>>> print(open('start_9.txt').read())   # compact mmCIF, C-alpha atoms and all ligand atoms
# COMPACT_ATOMS: atom_id res chain seq x y z
CA MET A 1 9.62 20.54 -15.44
CA TYR A 2 8.78 18.57 -18.56
CA ALA A 3 5.71 18.20 -16.39
CA GLN A 4 5.34 21.60 -14.78
CA LEU A 5 1.85 21.99 -13.40
CA VAL A 6 0.57 18.52 -12.74
CA LYS A 7 -2.59 18.59 -10.71
CA SER A 8 -2.36 15.93 -8.03
CA GLU A 9 -5.39 13.97 -6.90
CA GLY A 10 -6.41 13.48 -3.30
CA SER A 11 -4.28 14.13 -0.29
CA LYS A 12 -5.26 12.11 2.74
CA THR A 13 -3.89 11.79 6.23
CA ARG A 14 -3.12 8.30 7.43
CA GLU A 15 -6.27 8.34 9.58
CA GLU A 16 -8.43 9.04 6.53
CA MET A 17 -6.89 6.25 4.45
CA THR A 18 -8.50 2.87 3.84
CA PRO A 19 -6.46 -0.22 4.83
CA GLU A 20 -5.65 -0.73 1.14
CA GLU A 21 -4.35 2.82 0.83
CA ILE A 22 -2.23 2.42 3.97
CA ALA A 23 -0.70 -0.80 2.64
CA PHE A 24 -0.01 0.95 -0.66
CA GLN A 25 1.69 3.92 1.01
CA ASP A 26 3.78 1.52 3.11
CA ARG A 27 5.02 -0.20 -0.04
CA ILE A 28 6.06 3.15 -1.46
CA ASP A 29 7.78 4.10 1.80
CA ARG A 30 9.74 0.83 1.60
CA ASN A 31 10.84 1.86 -1.94
CA GLU A 32 8.97 -1.03 -3.53
CA LYS A 33 8.10 -0.41 -7.17
CA ILE A 34 4.43 -0.41 -8.13
CA GLU A 35 3.73 -2.42 -11.29
CA PRO A 36 0.91 -1.97 -13.85
CA LYS A 37 -1.70 -4.52 -12.82
CA GLU A 38 -1.26 -4.04 -9.06
CA TRP A 39 -3.79 -2.22 -6.92
CA MET A 40 -3.25 1.52 -6.72
CA PRO A 41 -5.38 4.45 -5.55
CA GLU A 42 -7.33 6.04 -8.37
CA GLY A 43 -5.65 9.37 -7.63
CA TYR A 44 -2.19 7.87 -8.01
CA ARG A 45 -3.16 6.44 -11.38
CA LYS A 46 -4.73 9.66 -12.63
CA THR A 47 -1.89 11.87 -11.45
CA LEU A 48 0.66 9.59 -13.09
CA ILE A 49 -1.21 9.56 -16.41
CA ARG A 50 -1.20 13.36 -16.34
CA GLN A 51 2.46 13.61 -15.43
CA ILE A 52 3.84 10.90 -17.74
CA GLY A 53 1.58 12.09 -20.54
CA GLN A 54 2.74 15.68 -20.16
CA HIS A 55 6.32 14.46 -20.09
CA ALA A 56 5.78 12.40 -23.28
CA HIS A 57 4.11 15.32 -25.08
CA SER A 58 7.07 17.53 -24.14
CA GLU A 59 9.54 15.11 -25.71
CA ILE A 60 7.53 14.98 -28.93
CA VAL A 61 6.74 18.70 -29.23
CA GLY A 62 10.33 19.37 -28.14
CA GLN A 63 11.53 17.99 -31.47
CA LEU A 64 10.04 20.95 -33.30
CA PRO A 65 12.28 23.86 -32.21
CA GLU A 66 15.40 21.80 -32.97
CA GLY A 67 13.98 20.19 -36.09
CA ASN A 68 13.79 23.77 -37.33
CA TRP A 69 17.60 23.78 -37.76
CA ILE A 70 18.29 20.33 -39.20
CA THR A 71 18.28 21.56 -42.78
CA ARG A 72 20.44 24.56 -41.89
CA ALA A 73 23.09 23.01 -39.64
CA PRO A 74 26.47 24.56 -40.46
CA THR A 75 28.28 21.27 -41.26
CA LEU A 76 27.34 17.75 -42.23
CA GLU A 77 28.64 16.49 -38.88
CA ARG A 78 26.50 18.99 -36.94
CA LYS A 79 23.52 17.96 -39.02
CA ALA A 80 24.06 14.27 -38.26
CA ILE A 81 24.44 15.04 -34.54
CA LEU A 82 21.30 17.17 -34.44
CA LEU A 83 19.34 14.51 -36.32
CA ALA A 84 20.47 11.85 -33.83
CA LYS A 85 19.53 14.11 -30.93
CA VAL A 86 16.07 14.87 -32.28
CA GLN A 87 15.54 11.17 -33.05
CA ASP A 88 16.41 10.38 -29.42
CA GLU A 89 13.69 12.79 -28.30
CA ALA A 90 11.17 10.89 -30.43
CA GLY A 91 12.33 7.72 -28.67
CA HIS A 92 11.90 9.38 -25.26
CA GLY A 93 8.35 10.31 -26.17
CA LEU A 94 7.63 6.72 -27.20
CA TYR A 95 9.09 5.19 -24.00
CA LEU A 96 6.92 7.53 -21.96
CA TYR A 97 3.71 7.04 -23.94
CA CYS A 98 4.13 3.29 -23.42
CA ALA A 99 4.62 3.82 -19.68
CA ALA A 100 1.44 5.91 -19.55
CA GLU A 101 -0.48 3.28 -21.52
CA THR A 102 0.24 0.66 -18.84
CA LEU A 103 -2.06 2.76 -16.62
CA GLY A 104 -5.05 2.12 -18.87
CA VAL A 105 -5.09 5.13 -21.17
CA SER A 106 -4.71 4.60 -24.92
CA ARG A 107 -2.18 6.28 -27.19
CA ASP A 108 -4.94 7.85 -29.25
CA GLU A 109 -6.58 9.26 -26.12
CA LEU A 110 -3.28 10.85 -25.08
CA LEU A 111 -2.70 12.35 -28.51
CA GLU A 112 -6.27 13.58 -28.68
CA ALA A 113 -5.80 15.33 -25.33
CA LEU A 114 -2.61 16.98 -26.59
CA HIS A 115 -4.18 18.10 -29.84
CA SER A 116 -7.28 19.52 -28.18
CA GLY A 117 -5.14 21.42 -25.65
CA LYS A 118 -6.55 19.47 -22.72
CA MET A 119 -3.08 18.16 -21.85
CA LYS A 120 -0.04 20.41 -21.73
CA TYR A 121 3.60 20.14 -22.67
CA SER A 122 6.54 22.07 -21.25
CA SER A 123 6.38 25.85 -21.65
CA ILE A 124 9.99 25.90 -22.91
CA PHE A 125 9.06 24.59 -26.35
CA ASN A 126 6.86 27.58 -27.05
CA TYR A 127 9.90 29.80 -27.57
CA PRO A 128 11.39 30.26 -31.05
CA THR A 129 14.85 29.05 -32.10
CA LEU A 130 16.16 32.02 -34.07
CA THR A 131 19.84 31.28 -34.68
CA TRP A 132 22.22 28.32 -34.78
CA ALA A 133 23.45 29.35 -31.32
CA ASP A 134 19.98 28.45 -30.05
CA MET A 135 20.80 24.80 -30.81
CA GLY A 136 23.70 25.21 -28.39
CA ALA A 137 21.60 26.96 -25.75
CA VAL A 138 18.79 24.41 -26.00
CA GLY A 139 21.10 21.41 -25.60
CA TRP A 140 23.06 23.04 -22.79
CA LEU A 141 20.21 24.65 -20.83
CA VAL A 142 17.01 22.84 -21.77
CA ASP A 143 18.43 19.33 -21.78
CA GLY A 144 20.52 20.34 -18.76
CA ALA A 145 17.37 21.32 -16.86
CA ALA A 146 15.63 18.15 -18.05
CA ILE A 147 18.48 16.00 -16.73
CA MET A 148 18.28 17.75 -13.35
CA ASN A 149 14.67 16.62 -13.09
CA GLN A 150 14.96 13.21 -14.70
CA VAL A 151 17.89 11.83 -12.73
CA PRO A 152 15.95 11.69 -9.43
CA LEU A 153 12.86 10.40 -11.28
CA GLN A 154 14.77 7.19 -12.04
CA ARG A 155 13.85 6.30 -8.44
CA THR A 156 10.16 7.09 -8.87
CA SER A 157 7.70 4.58 -7.40
CA TYR A 158 5.98 3.49 -10.63
CA GLY A 159 8.02 0.72 -12.31
CA PRO A 160 7.39 1.47 -16.00
CA TYR A 161 8.00 5.21 -15.45
CA SER A 162 11.21 4.53 -13.55
CA ARG A 163 12.51 2.19 -16.26
CA ALA A 164 11.68 4.74 -18.98
CA MET A 165 13.58 7.38 -16.99
CA ILE A 166 16.63 5.13 -16.69
CA ARG A 167 16.75 4.64 -20.47
CA ILE A 168 16.22 8.35 -21.06
CA CYS A 169 18.92 9.45 -18.63
CA LYS A 170 21.46 7.21 -20.37
CA GLU A 171 20.82 9.13 -23.58
CA GLU A 172 20.49 12.67 -22.23
CA SER A 173 24.06 13.46 -21.39
CA PHE A 174 25.02 13.36 -25.08
CA HIS A 175 22.28 15.95 -25.64
CA GLN A 176 23.62 18.40 -23.12
CA ARG A 177 27.23 17.90 -24.14
CA GLN A 178 26.58 18.44 -27.86
CA GLY A 179 24.80 21.67 -26.93
CA TYR A 180 27.65 22.90 -24.76
CA ASP A 181 30.06 21.90 -27.52
CA ILE A 182 28.21 24.20 -29.93
CA MET A 183 28.40 27.01 -27.35
CA MET A 184 32.15 26.48 -26.91
CA LYS A 185 32.72 26.69 -30.67
CA MET A 186 30.60 29.83 -30.97
CA CYS A 187 32.32 31.49 -28.01
CA ALA A 188 35.76 30.75 -29.44
CA GLY A 189 34.71 32.10 -32.83
CA THR A 190 34.33 35.61 -34.24
CA PRO A 191 32.92 38.42 -32.08
CA GLU A 192 29.67 38.08 -34.04
CA GLN A 193 29.47 34.37 -33.25
CA LYS A 194 30.14 35.00 -29.58
CA ALA A 195 27.44 37.69 -29.59
CA MET A 196 25.01 35.13 -31.03
CA ALA A 197 25.85 32.75 -28.18
CA GLN A 198 25.27 35.53 -25.63
CA ASP A 199 21.99 36.43 -27.28
CA ALA A 200 20.85 32.81 -27.13
CA LEU A 201 21.69 32.63 -23.41
CA ASN A 202 19.84 35.92 -22.84
CA ARG A 203 16.70 34.55 -24.44
CA PHE A 204 16.77 31.04 -22.95
CA TRP A 205 17.90 31.73 -19.37
CA TYR A 206 14.56 32.62 -17.80
CA PRO A 207 12.47 30.21 -19.88
CA ALA A 208 14.90 27.48 -18.72
CA LEU A 209 14.36 28.49 -15.08
CA MET A 210 10.61 28.27 -15.66
CA MET A 211 10.97 24.62 -16.69
CA PHE A 212 11.05 23.62 -13.02
CA GLY A 213 7.54 24.96 -12.51
CA PRO A 214 6.20 27.65 -10.16
CA SER A 215 7.87 28.61 -6.92
CA ASP A 216 7.25 26.17 -4.04
CA LYS A 217 5.00 28.63 -2.26
CA ASP A 218 2.63 28.56 -5.27
CA SER A 219 3.02 24.88 -6.04
CA VAL A 220 -0.11 23.37 -4.55
CA HIS A 221 0.22 19.81 -5.77
CA SER A 222 3.68 18.90 -4.54
CA ALA A 223 2.97 17.26 -1.18
CA GLN A 224 0.81 14.36 -2.37
CA SER A 225 3.02 13.72 -5.41
CA MET A 226 6.07 13.64 -3.19
CA ALA A 227 4.42 11.22 -0.74
CA TRP A 228 3.69 8.96 -3.72
CA LYS A 229 7.27 9.40 -4.99
CA ILE A 230 6.20 10.55 -8.39
CA LYS A 231 7.86 13.87 -7.67
CA MET A 232 11.21 13.55 -5.95
CA ASN A 233 12.27 17.15 -5.28
CA THR A 234 10.53 20.47 -4.96
CA ASN A 235 10.61 22.92 -7.87
CA ASP A 236 12.79 25.41 -6.01
CA GLU A 237 15.32 22.76 -4.94
CA LEU A 238 15.88 21.70 -8.53
CA ARG A 239 15.96 25.28 -9.82
CA GLN A 240 18.64 26.16 -7.26
CA LYS A 241 20.71 23.12 -8.24
CA PHE A 242 20.40 24.05 -11.89
CA VAL A 243 21.58 27.62 -11.32
CA ASP A 244 24.51 26.47 -9.17
CA GLN A 245 25.60 24.03 -11.85
CA THR A 246 25.08 26.34 -14.83
CA VAL A 247 26.65 29.63 -13.70
CA PRO A 248 30.24 28.28 -13.69
CA GLN A 249 29.61 26.76 -17.12
CA ALA A 250 28.54 30.18 -18.42
CA GLU A 251 31.64 31.72 -16.86
CA TYR A 252 33.84 29.17 -18.62
CA LEU A 253 32.29 30.23 -21.92
CA GLY A 254 32.91 33.89 -21.07
CA LEU A 255 29.18 34.60 -21.22
CA THR A 256 27.13 36.70 -18.83
CA VAL A 257 24.01 35.29 -17.20
CA PRO A 258 21.33 37.94 -17.85
CA ASP A 259 20.60 38.57 -14.17
CA PRO A 260 22.13 41.63 -12.50
CA ASP A 261 21.16 40.25 -9.07
CA LEU A 262 22.95 36.93 -9.53
CA LYS A 263 25.37 36.62 -6.62
CA TRP A 264 27.16 33.81 -4.78
CA ASN A 265 25.75 33.38 -1.29
CA GLU A 266 28.46 31.91 0.90
CA GLU A 267 26.06 31.20 3.75
CA LYS A 268 23.67 29.02 1.77
CA GLY A 269 26.42 27.65 -0.45
CA GLY A 270 24.53 28.57 -3.62
CA TYR A 271 23.71 31.50 -5.84
CA ASP A 272 21.03 34.07 -5.16
CA PHE A 273 19.20 34.77 -8.39
CA SER A 274 16.15 36.55 -9.78
CA GLU A 275 12.98 34.58 -10.29
CA PRO A 276 11.56 34.45 -13.79
CA ASP A 277 8.49 36.50 -14.66
CA TRP A 278 5.77 34.15 -13.49
CA SER A 279 3.02 36.03 -15.29
CA GLU A 280 4.84 35.21 -18.53
CA PHE A 281 5.03 31.56 -17.45
CA PHE A 282 1.31 31.29 -16.78
CA ALA A 283 0.54 33.07 -20.05
CA VAL A 284 2.68 30.58 -22.01
CA ILE A 285 1.10 27.61 -20.22
CA ALA A 286 -2.34 29.02 -20.98
CA GLY A 287 -1.48 28.95 -24.69
CA ASN A 288 -0.30 32.51 -25.23
CA GLY A 289 3.45 32.08 -25.70
CA PRO A 290 5.29 33.16 -28.85
CA CYS A 291 5.00 29.76 -30.61
CA ASN A 292 2.10 27.86 -28.99
CA ALA A 293 -0.16 28.01 -32.04
CA GLU A 294 2.67 27.08 -34.41
CA ARG A 295 3.81 24.09 -32.30
CA LEU A 296 0.39 22.61 -31.72
CA GLY A 297 -0.55 23.34 -35.34
CA ALA A 298 2.49 21.37 -36.55
CA ARG A 299 1.57 18.40 -34.33
CA VAL A 300 -2.06 18.33 -35.43
CA LYS A 301 -1.07 18.67 -39.09
CA ALA A 302 1.41 15.80 -38.83
CA TRP A 303 -1.26 13.63 -37.20
CA GLU A 304 -3.93 14.45 -39.77
CA ASP A 305 -1.63 14.27 -42.79
CA GLY A 306 -0.39 10.87 -41.58
CA ALA A 307 -3.85 9.34 -41.17
CA TRP A 308 -4.01 7.79 -44.67
CA PHE A 309 -0.61 6.21 -44.09
CA ARG A 310 -1.49 4.74 -40.68
CA ASP A 311 -4.76 3.41 -42.07
CA GLY A 312 -3.03 2.07 -45.19
CA LEU A 313 -0.55 0.03 -43.16
CA MET A 314 -3.37 -1.35 -41.02
CA ALA A 315 -5.33 -2.35 -44.12
CA HIS A 316 -2.24 -4.00 -45.57
CA ALA A 317 -1.62 -5.91 -42.32
CA ALA A 318 -5.24 -7.08 -42.22
CA LYS A 319 -5.11 -8.28 -45.83
CA ALA A 320 -1.79 -10.05 -45.33
CA SER A 321 -3.03 -11.93 -42.28
CA GLU A 322 -6.26 -12.82 -44.11
CA ARG A 323 -4.21 -14.19 -47.05
CA ALA A 324 -2.03 -16.19 -44.66
CA ARG A 325 -5.11 -17.68 -43.03
CA ALA A 326 -6.65 -18.61 -46.39
CA ALA A 327 -3.39 -20.26 -47.48
CA ARG A 328 -3.28 -22.31 -44.27
CA HIS A 329 -6.87 -23.32 -44.86
CA ALA A 330 -6.20 -24.43 -48.42
CA ALA A 331 -3.23 -26.50 -47.29
CA GLU A 332 -5.30 -28.44 -44.75
CA MET B 1 -11.43 4.11 -40.41
CA SER B 2 -8.58 5.12 -38.10
CA SER B 3 -8.04 2.27 -35.70
CA GLU B 4 -5.04 2.39 -33.41
CA TRP B 5 -2.06 0.22 -34.37
CA PRO B 6 -1.86 -2.75 -31.98
CA LEU B 7 0.62 -2.79 -29.11
CA TRP B 8 3.68 -5.09 -29.22
CA GLU B 9 6.01 -6.07 -26.39
CA ILE B 10 9.66 -5.94 -27.38
CA PHE B 11 12.34 -8.37 -26.20
CA ILE B 12 15.99 -7.84 -27.04
CA ARG B 13 19.05 -10.05 -26.74
CA GLY B 14 21.69 -7.60 -25.67
CA GLN B 15 24.69 -9.78 -26.45
CA HIS B 16 25.33 -13.24 -27.82
CA GLY B 17 24.88 -15.73 -24.99
CA LEU B 18 22.31 -13.73 -23.03
CA ASN B 19 18.56 -14.21 -22.77
CA HIS B 20 16.17 -11.91 -24.55
CA ARG B 21 14.94 -9.33 -22.08
CA HIS B 22 11.78 -7.24 -22.10
CA VAL B 23 12.71 -3.63 -22.91
CA GLY B 24 9.33 -1.97 -23.48
CA SER B 25 6.55 -1.81 -26.01
CA LEU B 26 5.48 0.03 -29.14
CA HIS B 27 2.66 0.28 -31.66
CA ALA B 28 2.95 -1.20 -35.14
CA PRO B 29 0.52 -2.49 -37.77
CA ASP B 30 2.17 -5.92 -38.05
CA ALA B 31 5.07 -8.01 -36.76
CA GLU B 32 7.47 -6.98 -39.49
CA MET B 33 6.92 -3.28 -38.84
CA ALA B 34 7.13 -3.93 -35.11
CA ILE B 35 10.65 -5.30 -35.60
CA ARG B 36 11.66 -2.36 -37.77
CA ASN B 37 10.28 0.12 -35.28
CA ALA B 38 11.91 -1.74 -32.39
CA ARG B 39 15.24 -1.40 -34.17
CA ASP B 40 14.81 2.39 -34.21
CA VAL B 41 13.23 2.81 -30.80
CA TYR B 42 15.22 0.35 -28.68
CA THR B 43 18.58 -0.28 -30.40
CA ARG B 44 19.85 3.11 -31.52
CA ARG B 45 23.12 2.46 -29.69
CA ASN B 46 23.90 -1.15 -30.49
CA GLU B 47 21.82 -2.43 -27.59
CA GLY B 48 20.91 -5.66 -29.33
CA VAL B 49 21.82 -8.57 -31.55
CA SER B 50 18.32 -10.05 -31.81
CA ILE B 51 14.75 -8.79 -31.44
CA TRP B 52 11.54 -10.64 -30.55
CA VAL B 53 8.15 -8.97 -30.85
CA VAL B 54 4.96 -10.34 -29.30
CA ARG B 55 1.45 -8.92 -29.52
CA SER B 56 0.67 -7.59 -26.02
CA ASN B 57 -2.78 -9.18 -26.27
CA ASP B 58 -1.16 -12.60 -26.67
CA ILE B 59 0.65 -12.44 -23.32
CA THR B 60 -0.94 -14.12 -20.34
CA ALA B 61 0.39 -12.82 -17.04
CA SER B 62 0.10 -14.16 -13.51
CA SER B 63 -2.16 -12.00 -11.42
CA PRO B 64 -0.50 -9.82 -8.78
CA SER B 65 -3.12 -10.77 -6.18
CA GLU B 66 -2.09 -14.42 -6.50
CA LYS B 67 1.48 -13.59 -5.55
CA GLY B 68 1.12 -15.37 -2.22
CA PRO B 69 -0.53 -18.67 -3.23
CA LEU B 70 1.67 -18.89 -6.35
CA TYR B 71 5.06 -18.56 -4.68
CA ASP B 72 4.51 -19.57 -1.06
CA PRO B 73 4.96 -23.31 -1.68
CA SER B 74 8.65 -22.83 -2.45
CA ASN B 75 9.31 -20.94 0.78
CA SER B 76 9.44 -24.02 2.99
CA LYS B 77 11.71 -26.07 0.73
CA VAL B 78 15.06 -24.96 2.08
CA TYR B 79 16.61 -28.30 1.08
CA ARG B 80 16.57 -27.03 -2.51
CA HIS B 81 19.52 -24.80 -1.67
CA PRO B 82 23.11 -26.07 -1.45
CA THR B 83 23.65 -24.25 1.84
CA PHE B 84 21.16 -26.65 3.52
CA TYR B 85 23.82 -29.39 3.58
CA ASP B 86 26.88 -29.48 5.83
CA ILE B 87 29.82 -31.01 4.00
CA PRO B 88 33.01 -31.37 6.08
CA ASP B 89 35.99 -29.24 5.03
CA GLU B 90 38.12 -32.36 4.50
CA VAL B 91 35.95 -33.33 1.55
CA GLY B 92 37.17 -30.30 -0.33
CA HIS B 93 35.22 -28.04 -2.63
CA MET B 94 31.79 -29.33 -3.56
FE FE C 401 14.46 13.83 -23.95
FE FE C 402 17.21 15.48 -24.58
>>> encode(input="start_9.txt", output="structure tokens", more="lines below")
Ligand SMILES: [Fe+2]
Ligand SMILES: [Fe+2]
Amino acid sequence: MYAQLVKSEGSKTREEMTPEEIAFQDRIDRNEKIEPKEWMPEGYRKTLIRQIGQHAHSEIVGQLPEGNWITRAPTLERKAILLAKVQDEAGHGLYLYCAAETLGVSRDELLEALHSGKMKYSSIFNYPTLTWADMGAVGWLVDGAAIMNQVPLQRTSYGPYSRAMIRICKEESFHQRQGYDIMMKMCAGTPEQKAMAQDALNRFWYPALMMFGPSDKDSVHSAQSMAWKIKMNTNDELRQKFVDQTVPQAEYLGLTVPDPDLKWNEEKGGYDFSEPDWSEFFAVIAGNGPCNAERLGARVKAWEDGAWFRDGLMAHAAKASERARAARHAAE
Amino acid sequence: MSSEWPLWEIFIRGQHGLNHRHVGSLHAPDAEMAIRNARDVYTRRNEGVSIWVVRSNDITASSPSEKGPLYDPSNSKVYRHPTFYDIPDEVGHM
């Protein structure tokens, strides 16, 4: 989802495991949390760095499509709300970077991997936000899909990741609700405003479905991650839940989900729906979506333009602590 | 130059009368900035009335592999718990 294609390391049967690995798996099966300095298989550590890092990058890059509308929000109240929402996403990124750093990777290494394209972020943020209604669709659908994935991750086996997820989940429901609130206003407005809302749903529906990652039959890394409890549900399970939750919300708005094959299936107790175009998904992940270059460019520029400022504060801190030490010395 | 800002552990007193509790960490050039950043990162919704920041490097932690030897000695001392003693009902609440 926010981590869509996380390559998982190693996948061993119990017979192939060392005694240490067996003891570790048993702890996870007993729902014990694993904490930073404790022994863990190298594959667990590496997979988690990838997943948490990708998740953190998504929160940070995810500020860009919404930041695009802060200066053009229709009212002062909407502007304040959007600012608060985008600021929350910065916080989410920071909680997650810190969780990843407890696994022995540095912040600079993570950022370097993002900037060089070695690490990914969610495909969803490579789509443009063209109208104000997109702020509604993003909050409603994108944060809605994120919540679907993050709620079960509160129970993940790695302590710092689980605690970051708990904080994040507390803050997310405001995000989804402010988005739906925008959609309600637009849908109760002029025909043009309602058409904008419909257009936003049309453009974000399939990209939102892609957030859960490839179909289970093509998702090679799930089994080991699920055994380690760093992935709690399969991609298709979560996608189905998301569709079942979202369709009635679209109906309430009087909007049409852009899927002619969408149909309630009484037998399975859920909707049948069309899969997104997976070739588009893989193209976006590979860097060829509508906004990949713009998003990554904005991140790299912010990092490079901020270098003098980061260095300046460090130099100031070093001088201040040197002065304090000299003053202590003189007093002795 | 470009050296990474050091890491700080953040402790927040949620309400008057409670202990400070570890809430997470962040990077900052010095203690003052660490407190300012902690305000924005960890108390956006009134989660605190007081913030402590400590350089992560200055924390000494017990080692997880010592868990046994460190805590075992208290296992056998059941007499440290009030339930170890039988006080007759007639004595009343104690
Ligand atoms: Fe978020
Ligand atoms: Fe969010």
>>> residues_near_ligand(input="start_9.txt", ligand="ligand FE 402 (chain C)", cutoff="12 Å", atoms="all atoms listed in the file", output="JSON, numbers by chain")
{"A": [2, 55, 56, 58, 59, 60, 61, 62, 63, 66, 82, 83, 84, 85, 86, 87, 88, 89, 90, 91, 92, 93, 135, 138, 139, 140, 141, 142, 143, 144, 145, 146, 147, 148, 149, 150, 165, 167, 168, 169, 170, 171, 172, 173, 174, 175, 176, 177, 178, 179]}
>>> residues_near_point(input="start_9.txt", point="(-0.8, 23.4, -29.5)", cutoff="9 Å", atoms="all atoms listed in the file", output="NGL selection string")
:A and (61 or 114-117 or 120-121 or 287 or 291-300)
>>> closest_atom_pairs(input="start_9.txt", of="chain B", to="chain A", cutoff="8 Å", atoms="all atoms listed in the file", output="Markdown table")
| residue | atom | partner | partner_atom | distance |
| --- | --- | --- | --- | --- |
| B:Met1 | CA | A:Asp311 | CA | 6.9 |
| B:Ser2 | CA | A:Asp311 | CA | 5.8 |
| B:Ser3 | CA | A:Asp311 | CA | 7.3 |
| B:Glu4 | CA | A:Asp108 | CA | 6.9 |
| B:Trp5 | CA | A:Met314 | CA | 7.0 |
| B:Gly24 | CA | A:Tyr95 | CA | 7.2 |
| B:Ser25 | CA | A:Cys98 | CA | 6.2 |
| B:Leu26 | CA | A:Cys98 | CA | 6.7 |
| B:Pro29 | CA | A:Met314 | CA | 5.2 |
| B:Asp30 | CA | A:Ala317 | CA | 5.7 |
| B:Val41 | CA | A:Gly91 | CA | 5.4 |
| B:Tyr42 | CA | A:Gly91 | CA | 7.9 |
| B:Ser63 | CA | A:Lys37 | CA | 7.6 |
| B:Pro64 | CA | A:Glu38 | CA | 5.8 |
| B:Ser65 | CA | A:Glu38 | CA | 7.6 |
>>> atom_distance(input="start_9.txt", atom1="atom CA of Ala200 of chain A", atom2="atom CA of Pro152 of chain A")
28.0 Å
>>> residues_around(input="start_9.txt", residues="Gln25 of chain A", least_positions_apart="4", cutoff="12 Å", atoms="only C-alpha atoms", output="CSV table (one decimal) with C-alpha atoms, keeping the file's coordinate frame")
chain,number,residue,atom,x,y,z
A,11,SER,CA,-4.3,14.1,-0.3
A,12,LYS,CA,-5.3,12.1,2.7
A,13,THR,CA,-3.9,11.8,6.2
A,14,ARG,CA,-3.1,8.3,7.4
A,17,MET,CA,-6.9,6.2,4.4
A,18,THR,CA,-8.5,2.9,3.8
A,19,PRO,CA,-6.5,-0.2,4.8
A,20,GLU,CA,-5.6,-0.7,1.1
A,21,GLU,CA,-4.4,2.8,0.8
A,29,ASP,CA,7.8,4.1,1.8
A,30,ARG,CA,9.7,0.8,1.6
A,31,ASN,CA,10.8,1.9,-1.9
A,32,GLU,CA,9.0,-1.0,-3.5
A,33,LYS,CA,8.1,-0.4,-7.2
A,34,ILE,CA,4.4,-0.4,-8.1
A,39,TRP,CA,-3.8,-2.2,-6.9
A,40,MET,CA,-3.2,1.5,-6.7
A,41,PRO,CA,-5.4,4.4,-5.6
A,44,TYR,CA,-2.2,7.9,-8.0
A,157,SER,CA,7.7,4.6,-7.4
A,224,GLN,CA,0.8,14.4,-2.4
A,225,SER,CA,3.0,13.7,-5.4
A,226,MET,CA,6.1,13.6,-3.2
A,227,ALA,CA,4.4,11.2,-0.7
A,228,TRP,CA,3.7,9.0,-3.7
A,229,LYS,CA,7.3,9.4,-5.0
>>> atom_distance(input="start_9.txt", atom1="atom CA of Met210 of chain A", atom2="atom CA of Ile124 of chain A")
7.7 Å
>>> atom_distance(input="start_9.txt", atom1="atom CA of Ala137 of chain A", atom2="atom CA of Ala188 of chain A")
15.1 Å
>>> closest_residue(input="start_9.txt", among="A:Phe24, A:Ser122, A:Ile70, A:Leu48", to="ligand FE 401 (chain C)", atoms="all atoms listed in the file")
A:Ser122
>>> residues_around(input="start_9.txt", residues="Leu262 of chain A", least_positions_apart="5", cutoff="12 Å", atoms="only C-alpha atoms", output="MDAnalysis selection string")
chainID A and resid 240 243:244 247 256:257 270:275
>>> residues_near_point(input="start_9.txt", point="(8.6, 2.0, -33.9)", cutoff="7 Å", atoms="all atoms listed in the file", output="PyMOL selection string")
chain B and resi 26-28+34+36-38+40-41
>>> axis_aligned_box(input="start_9.txt", around="segment 3-22 of chain B", padding_each_side="5 Å", output="lines of an AutoDock Vina configuration file")
center_x = 8.6
center_y = -6.7
center_z = -28.9
size_x = 43.4
size_y = 28.1
size_z = 23.6
>>> closest_residue(input="start_9.txt", among="B:Gln15, B:Pro69, B:Arg80, B:Trp52", to="Arg39 of chain B", atoms="only C-alpha atoms")
B:Trp52
>>> closest_residue(input="start_9.txt", among="A:His57, A:Lys319, A:Lys268, A:Arg325", to="ligand FE 401 (chain C)", atoms="only C-alpha atoms and all ligand atoms")
A:His57
>>> residues_around(input="start_9.txt", residues="Tyr85 of chain B", least_positions_apart="6", cutoff="12 Å", atoms="only C-alpha atoms", output="list in words")
Val78, Tyr79 and Met94 of chain B
>>> closest_residue(input="start_9.txt", among="A:Lys231, A:Arg78, A:Ile166, A:Pro207", to="ligand FE 401 (chain C)", atoms="only C-alpha atoms and all ligand atoms")
A:Ile166
>>> residues_around(input="start_9.txt", residues="Glu9 of chain B", least_positions_apart="6", cutoff="6 Å", atoms="only C-alpha atoms", output="PyMOL selection string")
chain B and resi 25+53-54+56
>>> residues_around(input="start_9.txt", residues="Pro214 of chain A", least_positions_apart="3", cutoff="10 Å", atoms="all atoms listed in the file", output="JSON list (two decimals) with C-alpha atoms, in the frame of the given file")
[["chain", "number", "residue", "atom", "x", "y", "z"],
["A", 1, "MET", "CA", 9.62, 20.54, -15.44],
["A", 4, "GLN", "CA", 5.34, 21.60, -14.78],
["A", 5, "LEU", "CA", 1.85, 21.99, -13.40],
["A", 209, "LEU", "CA", 14.36, 28.49, -15.08],
["A", 210, "MET", "CA", 10.61, 28.27, -15.66],
["A", 211, "MET", "CA", 10.97, 24.62, -16.69],
["A", 217, "LYS", "CA", 5.00, 28.63, -2.26],
["A", 218, "ASP", "CA", 2.63, 28.56, -5.27],
["A", 219, "SER", "CA", 3.02, 24.88, -6.04],
["A", 220, "VAL", "CA", -0.11, 23.37, -4.55],
["A", 234, "THR", "CA", 10.53, 20.47, -4.96],
["A", 235, "ASN", "CA", 10.61, 22.92, -7.87],
["A", 236, "ASP", "CA", 12.79, 25.41, -6.01],
["A", 275, "GLU", "CA", 12.98, 34.58, -10.29],
["A", 276, "PRO", "CA", 11.56, 34.45, -13.79],
["A", 278, "TRP", "CA", 5.77, 34.15, -13.49],
["A", 281, "PHE", "CA", 5.03, 31.56, -17.45],
["A", 282, "PHE", "CA", 1.31, 31.29, -16.78]]
